[in-house]
$ cat coords_9.txt   # compact mmCIF, C-alpha atoms
# COMPACT_ATOMS: atom_id res chain seq x y z
CA PRO C 1 -11.33 2.85 -35.78
CA GLU C 2 -11.98 0.24 -33.12
CA ARG C 3 -11.49 2.69 -30.25
CA ALA C 4 -13.92 5.18 -31.81
CA VAL C 5 -16.53 2.44 -32.15
CA ARG C 6 -15.98 1.40 -28.54
CA LEU C 7 -16.29 4.98 -27.28
CA ALA C 8 -19.41 5.63 -29.33
CA ALA C 9 -21.02 2.53 -27.84
CA THR C 10 -20.21 3.55 -24.27
CA PRO C 11 -23.44 4.65 -22.55
CA VAL C 12 -23.38 8.16 -21.16
CA PRO C 13 -26.21 8.86 -18.72
CA PRO C 14 -28.25 11.99 -19.51
CA PRO C 15 -27.89 14.92 -17.12
CA ARG C 16 -30.40 14.90 -14.31
CA PRO C 17 -32.15 18.08 -13.15
CA GLY C 18 -29.75 19.28 -10.45
CA GLU C 19 -32.35 20.86 -8.20
CA ARG C 20 -34.40 17.67 -7.79
CA THR C 21 -33.98 15.72 -4.57
CA PHE C 22 -32.03 13.40 -4.18
CA ASN C 23 -29.62 14.02 -7.00
CA THR C 24 -25.98 13.12 -6.31
CA GLY C 25 -22.86 15.15 -6.94
CA ARG C 26 -24.31 18.33 -5.42
CA THR C 27 -22.84 20.36 -2.57
CA LEU C 28 -23.89 23.41 -0.59
CA MET C 29 -21.89 26.52 0.28
CA ASP C 30 -23.27 28.66 3.11
CA ALA C 31 -23.30 32.45 3.06
CA ARG C 32 -20.00 32.68 4.94
CA ALA C 33 -18.23 30.43 2.43
CA GLN C 34 -19.69 32.29 -0.53
CA ALA C 35 -18.57 35.63 0.87
CA ALA C 36 -15.09 34.25 1.60
CA TRP C 37 -14.88 32.78 -1.89
CA SER C 38 -15.75 36.17 -3.38
CA ARG C 39 -12.99 37.80 -1.35
CA SER C 40 -10.51 35.14 -2.47
CA ALA C 41 -11.53 35.74 -6.09
CA ARG C 42 -10.94 39.47 -5.81
CA ARG C 43 -7.57 39.03 -4.10
CA ALA C 44 -6.53 36.42 -6.66
CA VAL C 45 -7.29 38.73 -9.58
CA ARG C 46 -5.33 41.57 -7.96
CA SER C 47 -2.37 39.29 -7.24
CA LEU C 48 -1.85 38.10 -10.83
CA SER C 49 1.32 39.27 -12.52
CA ALA C 50 2.15 39.41 -16.22
CA GLY C 51 3.68 35.96 -16.01
CA ASP C 52 0.41 34.44 -14.80
CA PHE C 53 -1.25 35.15 -18.13
CA GLY C 54 1.02 32.77 -20.03
CA TYR C 55 1.83 29.07 -19.92
CA ALA C 56 2.83 27.53 -16.62
CA ASP C 57 3.89 24.24 -15.05
CA PRO C 58 1.56 21.43 -16.24
CA ALA C 59 1.69 19.94 -12.73
CA GLY C 60 0.08 23.08 -11.31
CA ASP C 61 1.06 26.15 -9.35
CA LEU C 62 3.81 25.23 -6.89
CA ALA C 63 2.30 27.21 -4.00
CA LEU C 64 -1.04 25.47 -4.49
CA ARG C 65 0.63 22.07 -4.65
CA GLU C 66 2.43 22.86 -1.40
CA ALA C 67 -0.89 23.80 0.22
CA ILE C 68 -2.56 20.61 -1.05
CA ALA C 69 0.34 18.46 0.15
CA ALA C 70 0.26 20.06 3.60
CA TYR C 71 -3.51 19.54 3.79
CA LEU C 72 -3.25 15.89 2.77
CA ARG C 73 -0.49 15.17 5.27
CA ALA C 74 -2.49 16.71 8.12
CA ALA C 75 -6.01 15.61 7.22
CA ARG C 76 -5.56 12.31 5.41
CA GLY C 77 -2.21 10.91 6.55
CA VAL C 78 -0.89 10.98 2.99
CA ARG C 79 2.90 10.80 2.77
CA CYS C 80 3.88 13.24 0.06
CA GLU C 81 5.69 16.40 -0.92
CA ALA C 82 4.56 19.14 -3.26
CA ASP C 83 6.56 17.79 -6.20
CA GLN C 84 4.45 14.60 -6.12
CA VAL C 85 1.17 16.52 -6.51
CA ILE C 86 -0.30 17.09 -9.96
CA VAL C 87 -3.31 19.39 -10.24
CA THR C 88 -6.14 18.05 -12.42
CA THR C 89 -9.71 19.06 -13.21
CA GLY C 90 -11.04 16.37 -10.88
CA ALA C 91 -10.88 12.71 -9.91
CA GLN C 92 -11.96 11.45 -13.34
CA HIS C 93 -9.27 13.48 -15.07
CA ALA C 94 -6.69 12.11 -12.63
CA GLN C 95 -7.81 8.53 -13.29
CA ASP C 96 -7.70 9.17 -17.03
CA ILE C 97 -4.08 10.31 -16.75
CA VAL C 98 -3.21 7.19 -14.75
CA ALA C 99 -4.96 4.87 -17.20
CA ARG C 100 -3.30 6.43 -20.26
CA VAL C 101 0.19 6.22 -18.78
CA LEU C 102 0.09 2.85 -17.03
CA LEU C 103 -2.27 0.65 -19.04
CA SER C 104 -2.04 -0.95 -22.45
CA PRO C 105 -4.89 -2.58 -24.37
CA GLY C 106 -5.63 -5.97 -22.85
CA ASP C 107 -4.08 -5.27 -19.45
CA ALA C 108 -6.11 -6.80 -16.63
CA VAL C 109 -7.38 -4.34 -14.02
CA TRP C 110 -9.31 -5.00 -10.83
CA ALA C 111 -12.46 -2.90 -10.40
CA GLU C 112 -14.88 -2.99 -7.48
CA ASP C 113 -18.18 -4.73 -8.21
CA PRO C 114 -20.40 -2.74 -7.90
CA GLY C 115 -18.31 0.30 -8.69
CA TYR C 116 -18.12 3.82 -10.03
CA PRO C 117 -19.26 3.81 -13.68
CA ALA C 118 -17.06 6.74 -14.75
CA SER C 119 -13.94 4.82 -13.69
CA LEU C 120 -15.08 1.81 -15.70
CA ARG C 121 -15.64 3.96 -18.78
CA ILE C 122 -12.09 5.30 -18.49
CA LEU C 123 -10.72 1.76 -18.31
CA GLU C 124 -12.83 0.65 -21.25
CA ALA C 125 -11.64 3.63 -23.30
CA VAL C 126 -7.99 2.56 -23.01
CA GLY C 127 -8.86 -1.05 -23.82
CA ALA C 128 -8.15 -2.51 -20.39
CA GLN C 129 -9.52 -5.92 -19.50
CA ILE C 130 -11.75 -5.17 -16.51
CA THR C 131 -11.92 -7.83 -13.80
CA PRO C 132 -14.95 -7.17 -11.55
CA VAL C 133 -13.98 -8.00 -7.97
CA PRO C 134 -16.86 -8.34 -5.48
CA VAL C 135 -17.11 -6.36 -2.25
CA ASP C 136 -18.52 -7.43 1.10
CA ALA C 137 -18.89 -5.80 4.50
CA ASP C 138 -15.07 -5.39 4.70
CA GLY C 139 -14.74 -3.90 1.21
CA LEU C 140 -12.91 -5.34 -1.77
CA VAL C 141 -12.49 -9.13 -1.54
CA VAL C 142 -8.77 -9.25 -2.32
CA ALA C 143 -8.62 -13.04 -2.28
CA GLU C 144 -11.18 -13.15 -5.08
CA GLY C 145 -9.17 -10.63 -7.08
CA ARG C 146 -6.09 -12.81 -6.67
CA ARG C 147 -8.08 -15.81 -7.91
CA LEU C 148 -9.58 -14.02 -10.91
CA ALA C 149 -6.58 -11.99 -12.09
CA PRO C 150 -3.47 -12.53 -9.95
CA GLU C 151 -1.21 -10.64 -12.39
CA ALA C 152 -3.46 -7.64 -12.94
CA ARG C 153 -1.69 -4.40 -13.77
CA ALA C 154 -3.71 -2.21 -11.38
CA ALA C 155 -6.62 -2.05 -8.96
CA PHE C 156 -9.02 0.91 -8.90
CA VAL C 157 -10.56 1.20 -5.43
CA THR C 158 -12.52 3.53 -3.14
CA PRO C 159 -11.23 2.30 0.25
CA SER C 160 -12.47 5.06 2.58
CA HIS C 161 -16.06 5.00 1.32
CA GLN C 162 -16.83 2.33 -1.26
CA TYR C 163 -18.88 3.62 -4.17
CA PRO C 164 -21.80 3.06 -4.11
CA LEU C 165 -22.36 0.83 -1.08
CA GLY C 166 -20.48 2.94 1.47
CA MET C 167 -18.40 0.50 3.52
CA ALA C 168 -14.76 1.19 4.39
CA LEU C 169 -12.00 -1.21 3.42
CA SER C 170 -10.95 -3.00 6.62
CA MET C 171 -7.37 -2.81 7.87
CA ALA C 172 -6.81 -6.50 7.16
CA ARG C 173 -7.97 -6.05 3.57
CA ARG C 174 -5.86 -2.90 3.16
CA LEU C 175 -2.73 -4.78 4.16
CA GLU C 176 -3.73 -7.71 1.94
CA LEU C 177 -4.26 -5.39 -1.04
CA LEU C 178 -0.90 -3.69 -0.55
CA ALA C 179 0.86 -7.04 -0.21
CA TRP C 180 -0.65 -8.18 -3.51
CA ALA C 181 0.39 -4.94 -5.24
CA ARG C 182 3.99 -5.37 -4.09
CA GLU C 183 4.10 -9.02 -5.13
CA ALA C 184 2.47 -8.42 -8.52
CA ARG C 185 4.28 -5.12 -9.10
CA ALA C 186 0.86 -3.64 -9.67
CA TRP C 187 -0.51 -0.18 -8.93
CA VAL C 188 -3.38 0.68 -6.60
CA VAL C 189 -5.38 3.74 -7.61
CA GLU C 190 -7.02 5.13 -4.47
CA ASP C 191 -10.03 7.34 -5.21
CA ASP C 192 -10.62 9.30 -1.99
CA TYR C 193 -13.54 11.26 -3.43
CA ALA C 194 -15.45 12.12 -0.21
CA SER C 195 -12.70 11.82 2.37
CA GLU C 196 -13.41 15.14 4.10
CA PHE C 197 -16.89 14.18 5.22
CA ARG C 198 -16.86 11.53 7.93
CA TYR C 199 -19.63 11.91 10.51
CA ASP C 200 -18.91 9.24 13.12
CA GLY C 201 -15.35 9.40 14.36
CA PRO C 202 -12.20 10.93 12.88
CA PRO C 203 -11.47 10.62 9.13
CA LEU C 204 -9.88 7.34 8.10
CA THR C 205 -6.20 7.43 7.19
CA ALA C 206 -5.62 7.11 3.48
CA LEU C 207 -4.43 3.81 2.05
CA GLN C 208 -1.52 5.71 0.52
CA GLY C 209 -0.21 6.54 4.00
CA LEU C 210 0.07 2.84 4.86
CA ASP C 211 1.94 2.16 1.66
CA GLY C 212 4.28 5.13 1.92
CA GLY C 213 3.55 6.12 -1.66
CA GLN C 214 5.35 3.20 -3.29
CA ARG C 215 2.53 1.37 -5.09
CA VAL C 216 -0.49 3.60 -4.37
CA ILE C 217 -1.55 6.52 -6.57
CA TYR C 218 -3.78 8.81 -4.52
CA VAL C 219 -6.62 10.66 -6.26
CA GLY C 220 -8.67 13.44 -4.68
CA THR C 221 -10.97 16.26 -5.68
CA LEU C 222 -11.83 19.75 -4.50
CA ASN C 223 -15.05 19.61 -6.50
CA LYS C 224 -16.78 17.64 -3.74
CA ALA C 225 -15.19 19.66 -0.94
CA LEU C 226 -16.22 23.00 -2.50
CA PHE C 227 -18.53 22.81 -5.52
CA PRO C 228 -18.65 20.70 -8.71
CA GLY C 229 -18.35 23.67 -11.05
CA LEU C 230 -14.89 24.44 -9.67
CA ARG C 231 -13.26 21.67 -11.76
CA LEU C 232 -10.10 21.23 -9.73
CA GLY C 233 -8.64 18.05 -8.27
CA TYR C 234 -5.28 16.39 -7.81
CA LEU C 235 -3.34 13.17 -7.82
CA VAL C 236 -0.35 12.21 -5.68
CA ALA C 237 2.10 10.13 -7.67
CA PRO C 238 4.89 7.83 -6.50
CA SER C 239 8.18 9.53 -7.32
CA ALA C 240 8.91 7.27 -10.30
CA LEU C 241 5.63 8.29 -11.98
CA VAL C 242 5.72 12.05 -11.42
CA GLU C 243 7.35 12.95 -14.71
CA PRO C 244 5.28 10.58 -16.90
CA PHE C 245 2.06 11.92 -15.33
CA ARG C 246 3.26 15.51 -15.66
CA GLN C 247 3.96 15.00 -19.36
CA ALA C 248 0.59 13.33 -19.90
CA ARG C 249 -1.09 16.27 -18.18
CA ARG C 250 0.74 18.66 -20.50
CA MET C 251 -0.28 16.77 -23.64
CA MET C 252 -3.95 16.45 -22.62
CA ASP C 253 -4.80 20.10 -21.92
CA ARG C 254 -1.51 21.81 -21.02
CA GLN C 255 -2.30 23.10 -17.49
CA ALA C 256 -4.93 23.98 -14.94
CA PRO C 257 -6.46 27.49 -15.14
CA THR C 258 -4.14 30.03 -13.52
CA LEU C 259 -6.90 32.16 -12.02
CA THR C 260 -8.81 29.21 -10.53
CA GLN C 261 -5.64 27.92 -8.88
CA ALA C 262 -4.91 31.35 -7.42
CA MET C 263 -8.45 31.56 -5.99
CA VAL C 264 -8.24 28.14 -4.37
CA LEU C 265 -4.79 28.89 -2.96
CA ASP C 266 -6.06 32.09 -1.32
CA PHE C 267 -9.12 30.26 0.04
CA MET C 268 -6.89 27.62 1.62
CA GLN C 269 -4.23 29.99 2.95
CA SER C 270 -6.85 32.27 4.54
CA GLY C 271 -8.15 29.37 6.66
CA GLU C 272 -11.57 29.50 5.02
CA PHE C 273 -11.19 26.10 3.38
CA ALA C 274 -10.66 24.30 6.71
CA ALA C 275 -13.49 26.28 8.31
CA HIS C 276 -15.81 25.44 5.42
CA ILE C 277 -15.03 21.73 5.72
CA ARG C 278 -15.77 21.79 9.45
CA ARG C 279 -19.14 23.51 8.92
CA ARG C 280 -20.09 21.28 6.01
CA ARG C 281 -19.26 18.16 8.00
CA VAL C 282 -21.77 19.20 10.66
CA ALA C 283 -24.36 20.31 8.10
CA TYR C 284 -24.08 17.21 5.91
CA GLY C 285 -24.31 15.01 9.00
CA ALA C 286 -27.58 16.71 9.93
CA GLN C 287 -28.84 16.32 6.35
CA ARG C 288 -27.95 12.63 6.38
CA ASP C 289 -29.76 12.12 9.69
CA ALA C 290 -32.85 13.96 8.44
CA LEU C 291 -32.97 11.79 5.31
CA VAL C 292 -32.53 8.58 7.29
CA ARG C 293 -35.28 9.65 9.70
CA ALA C 294 -37.71 10.55 6.91
CA LEU C 295 -37.05 7.31 5.00
CA THR C 296 -37.54 5.23 8.15
CA GLU C 297 -40.78 6.98 9.09
CA ARG C 298 -42.38 7.13 5.63
CA LEU C 299 -40.89 4.14 3.83
CA GLY C 300 -39.64 1.80 6.53
CA HIS C 301 -42.00 -0.89 5.21
CA ARG C 302 -40.47 -0.65 1.71
CA VAL C 303 -36.79 0.09 2.28
CA GLU C 304 -33.91 -0.78 4.57
CA VAL C 305 -31.62 2.22 4.98
CA ALA C 306 -27.84 1.82 5.18
CA GLN C 307 -26.70 4.87 7.16
CA PRO C 308 -23.15 5.74 6.04
CA ASP C 309 -20.39 6.94 8.36
CA GLN C 310 -18.91 9.00 5.54
CA GLY C 311 -19.71 10.40 2.13
CA LEU C 312 -22.41 12.38 0.39
CA HIS C 313 -25.04 9.75 -0.36
CA LEU C 314 -26.73 6.70 1.14
CA VAL C 315 -28.33 3.53 -0.18
CA ALA C 316 -31.91 2.47 0.58
CA TYR C 317 -32.29 -1.26 -0.13
CA LEU C 318 -35.71 -2.27 -1.45
CA LYS C 319 -37.94 -4.82 0.20
CA ASP C 320 -40.92 -6.82 -1.07
CA GLY C 321 -39.48 -7.60 -4.48
CA LEU C 322 -39.75 -4.14 -6.01
CA GLY C 323 -37.09 -3.69 -8.71
CA ASP C 324 -34.83 -0.68 -8.28
CA GLN C 325 -34.97 0.34 -11.95
CA GLU C 326 -38.77 0.34 -11.78
CA ALA C 327 -38.58 2.39 -8.58
CA GLU C 328 -36.16 4.81 -10.25
CA ALA C 329 -38.62 5.38 -13.11
CA LEU C 330 -41.55 5.86 -10.72
CA ALA C 331 -39.56 8.37 -8.69
CA ASP C 332 -38.53 10.25 -11.82
CA ALA C 333 -42.18 10.63 -12.80
CA ASN C 334 -42.75 12.25 -9.40
CA ASN C 335 -39.85 14.73 -9.76
CA VAL C 336 -37.49 12.83 -7.48
CA THR C 337 -34.05 11.71 -8.67
CA VAL C 338 -32.75 8.39 -7.32
CA GLN C 339 -30.37 5.93 -8.94
CA ALA C 340 -30.83 2.16 -9.22
CA ILE C 341 -27.69 0.49 -7.89
CA SER C 342 -28.33 -2.74 -9.81
CA ARG C 343 -26.91 -1.04 -12.92
CA LEU C 344 -23.56 -0.65 -11.17
CA TYR C 345 -22.91 -4.41 -10.93
CA ARG C 346 -20.94 -6.24 -13.62
CA GLY C 347 -20.46 -9.79 -12.36
CA ALA C 348 -21.85 -10.20 -8.85
CA ALA C 349 -25.56 -10.79 -8.30
CA PRO C 350 -27.04 -7.27 -8.08
CA ARG C 351 -28.84 -6.04 -4.99
CA GLN C 352 -31.93 -3.92 -5.45
CA GLY C 353 -31.46 -0.50 -3.93
CA LEU C 354 -31.69 3.23 -4.53
CA LEU C 355 -28.82 5.67 -4.22
CA LEU C 356 -29.92 9.00 -2.71
CA GLY C 357 -27.70 12.06 -2.42
CA PHE C 358 -28.14 14.25 0.67
CA SER C 359 -25.25 16.73 0.46
CA GLY C 360 -26.91 19.11 -1.97
CA PHE C 361 -30.18 19.68 -0.12
CA PRO C 362 -30.93 21.36 3.22
CA VAL C 363 -32.55 19.52 6.10
CA ARG C 364 -35.93 21.09 5.33
CA ALA C 365 -35.95 19.47 1.87
CA MET C 366 -35.63 15.89 3.12
CA ALA C 367 -39.14 15.16 4.40
CA PRO C 368 -40.95 16.66 1.35
CA GLY C 369 -38.60 14.79 -0.98
CA VAL C 370 -39.22 11.49 0.80
CA ALA C 371 -42.96 12.21 0.74
CA ARG C 372 -42.84 12.44 -3.06
CA LEU C 373 -40.78 9.25 -3.20
CA ALA C 374 -43.32 7.53 -0.95
CA ARG C 375 -46.15 8.54 -3.25
CA ALA C 376 -44.21 7.02 -6.15
CA ILE C 377 -43.21 3.67 -4.64
CA GLY C 378 -45.04 3.47 -1.29
$ encode --input "coords_9.txt" --output "structure tokens"
Amino acid sequence: PERAVRLAATPVPPPRPGERTFNTGRTLMDARAQAAWSRSARRAVRSLSAGDFGYADPAGDLALREAIAAYLRAARGVRCEADQVIVTTGAQHAQDIVARVLLSPGDAVWAEDPGYPASLRILEAVGAQITPVPVDADGLVVAEGRRLAPEARAAFVTPSHQYPLGMALSMARRLELLAWAREARAWVVEDDYASEFRYDGPPLTALQGLDGGQRVIYVGTLNKALFPGLRLGYLVAPSALVEPFRQARRMMDRQAPTLTQAMVLDFMQSGEFAAHIRRRRVAYGAQRDALVRALTERLGHRVEVAQPDQGLHLVAYLKDGLGDQEAEALADANNVTVQAISRLYRGAAPRQGLLLGFSGFPVRAMAPGVARLARAIG
């Protein structure tokens, strides 16, 4: 079948050794958080009743959805109630649900260029016609999207922290994007994957809050806030889409794990989740600063560092004509994991830069990691 051929041809990057600096997608939990998580796990197991061992609401445990909705209203300015929240295994699962329900083969969809490759693979899998829309210092260039595909069905965006380049979508562009969505009767899928971790100033209000939940589908994940192995995220659906998304969730894998939901609910209700986020924000900020300092001192002649205000990674742009894919291979040979950003472009002229994750490694690991990178490319 055509779809099977297309899926088989979709490149899937091999797993990278997780312990190698500067791998992305890693997080750290301190001793306090680990102890609190263990307590939540024990309480969750003791709290389960006979009914918890059977099938449950595909949208997720109601108490957990209420806790998530309350958190999003307070921390992200999202306008929602618990019945709009659907628990997923993560942001990619949420985007997959959205794509399956809203898109038909051949539908035009805006995607940031460069952008998150997993989102593009989801769109390719459902047969969408991807329209790469360039980004600049203010984020997605909405006027270019209007020119390229004015009647697109949806736009997949990362407005708080563009992946991979890191800029935030400006207020003018946010309003422009929402105006287009209303005019075109299109949907905006807001991936807020690292919203909790902003280091310079208060967290940015979600795009969904500006829209009031009419045309924006908000996607978030607890896997970045806690740890990737958790496999729990959520989407916030406009009221008209709640039931279609809930049914799609049921058909895909029935429901989220009962025990995992109970553990997360206890962790949030005990106050440990908010405390963990506050400590991690300070710790990740220090890790970011240590990485920036080490790159500037050891590799300032080879790279220009873009220090992000938010997120879990940064980009080091290469100087002197060195190609980023060559630099990636040299780093890999020296037991350092970096990612060439040129692969993430589809239409725009690619910049040469390296994506380095800092959230999964303590401050003391930054200088030695950069030293190995310097030996590889310096």
$ residues_around --input "coords_9.txt" --residues "C:Arg346" --least-positions-apart "4" --cutoff "10 Å" --atoms "all atoms listed in the file" --output "MDAnalysis selection string"
chainID C and resid 111:115 130:134 342 350
$ closest_residue --input "coords_9.txt" --among "C:Ala149, C:Leu28, C:Ala340, C:Glu176" --to "C:Gln287" --atoms "only C-alpha atoms"
C:Leu28
$ residues_near_point --input "coords_9.txt" --point "(-27.2, 13.1, 8.2)" --cutoff "12 Å" --atoms "all atoms listed in the file" --output "PyMOL selection string"
chain C and resi 197-200+280-295+306-314+356-363+366
$ residues_around --input "coords_9.txt" --residues "C:Asp30" --least-positions-apart "3" --cutoff "9 Å" --atoms "only C-alpha atoms" --output "list of chain:residue names"
C:Ala33, C:Gln34, C:Ala35, C:His276, C:Arg279, C:Arg280
$ atom_distance --input "coords_9.txt" --atom1 "atom CA of C:Asn223" --atom2 "atom CA of C:Ala9"
28.0 Å
$ residues_around --input "coords_9.txt" --residues "C:Gln339" --least-positions-apart "3" --cutoff "10 Å" --atoms "all atoms listed in the file" --output "PyMOL selection string"
chain C and resi 22-24+315+324-325+327-329+331-332+342-344+353-357
$ atom_distance --input "coords_9.txt" --atom1 "atom CA of C:Asn335" --atom2 "atom CA of C:Glu19"
9.8 Å
$ atom_distance --input "coords_9.txt" --atom1 "atom CA of C:Ser119" --atom2 "atom CA of C:Thr221"
14.3 Å
$ closest_residue --input "coords_9.txt" --among "C:Gln84, C:Gln261, C:Thr337, C:Thr21" --to "C:Val45" --atoms "all atoms listed in the file"
C:Gln261
$ closest_residue --input "coords_9.txt" --among "C:Arg121, C:Arg32, C:Lys319, C:Arg250" --to "C:Glu304" --atoms "all atoms listed in the file"
C:Lys319
$ residues_around --input "coords_9.txt" --residues "C:Gly220" --least-positions-apart "2" --cutoff "7 Å" --atoms "only C-alpha atoms" --output "list in words"
Ala91, Asp191, Asp192, Tyr193, Tyr218, Gly233, Tyr234 and Leu235 of chain C
$ write_last_selection --input "coords_9.txt" --atoms "C-alpha atoms" --output "mmCIF file, keeping the file's coordinate frame"
data_model
loop_
_atom_site.group_PDB
_atom_site.id
_atom_site.type_symbol
_atom_site.label_atom_id
_atom_site.label_comp_id
_atom_site.auth_asym_id
_atom_site.auth_seq_id
_atom_site.Cartn_x
_atom_site.Cartn_y
_atom_site.Cartn_z
ATOM 1 C CA ALA C 91 -10.880 12.710 -9.910
ATOM 2 C CA ASP C 191 -10.030 7.340 -5.210
ATOM 3 C CA ASP C 192 -10.620 9.300 -1.990
ATOM 4 C CA TYR C 193 -13.540 11.260 -3.430
ATOM 5 C CA TYR C 218 -3.780 8.810 -4.520
ATOM 6 C CA GLY C 233 -8.640 18.050 -8.270
ATOM 7 C CA TYR C 234 -5.280 16.390 -7.810
ATOM 8 C CA LEU C 235 -3.340 13.170 -7.820
#
$ closest_residue --input "coords_9.txt" --among "C:Gln247, C:Ser38, C:Ser160, C:Thr258" --to "C:Gly54" --atoms "only C-alpha atoms"
C:Thr258
$ closest_atom_pairs --input "coords_9.txt" --of "stretch 122-231 of chain C" --to "stretch 103-106 of chain C" --cutoff "6 Å" --atoms "all atoms listed in the file" --output "JSON lines"
{"residue": "C:Gly127", "atom": "CA", "partner": "C:Pro105", "partner_atom": "CA", "distance": 4.3}
{"residue": "C:Ala128", "atom": "CA", "partner": "C:Gly106", "partner_atom": "CA", "distance": 4.9}
{"residue": "C:Gln129", "atom": "CA", "partner": "C:Gly106", "partner_atom": "CA", "distance": 5.1}
$ write_last_selection --input "coords_9.txt" --atoms "C-alpha atoms" --output "short mmCIF file (atom, residue, chain, number, x, y, z; two decimals), in the coordinates of the input"
data_model
loop_
_atom_site.label_atom_id
_atom_site.label_comp_id
_atom_site.auth_asym_id
_atom_site.auth_seq_id
_atom_site.Cartn_x
_atom_site.Cartn_y
_atom_site.Cartn_z
CA GLY C 127 -8.86 -1.05 -23.82
CA ALA C 128 -8.15 -2.51 -20.39
CA GLN C 129 -9.52 -5.92 -19.50
#
$ closest_residue --input "coords_9.txt" --among "C:Met268, C:Ala56, C:Leu373, C:Val157" --to "C:Ala70" --atoms "only C-alpha atoms"
C:Met268
$ closest_residue --input "coords_9.txt" --among "C:Arg278, C:Arg254, C:His301, C:Arg26" --to "C:Pro203" --atoms "all atoms listed in the file"
C:Arg278
$ axis_aligned_box --input "coords_9.txt" --around "stretch 98-110 of chain C" --padding-each-side "8 Å" --output "JSON"
{"center_x": -4.6, "center_y": 0.2, "center_z": -17.6, "size_x": 25.5, "size_y": 30.0, "size_z": 29.5}
$ residues_around --input "coords_9.txt" --residues "C:Tyr71" --least-positions-apart "6" --cutoff "10 Å" --atoms "all atoms listed in the file" --output "list in words"
Arg65, Gly77, Val78, Met268 and Ala274 of chain C
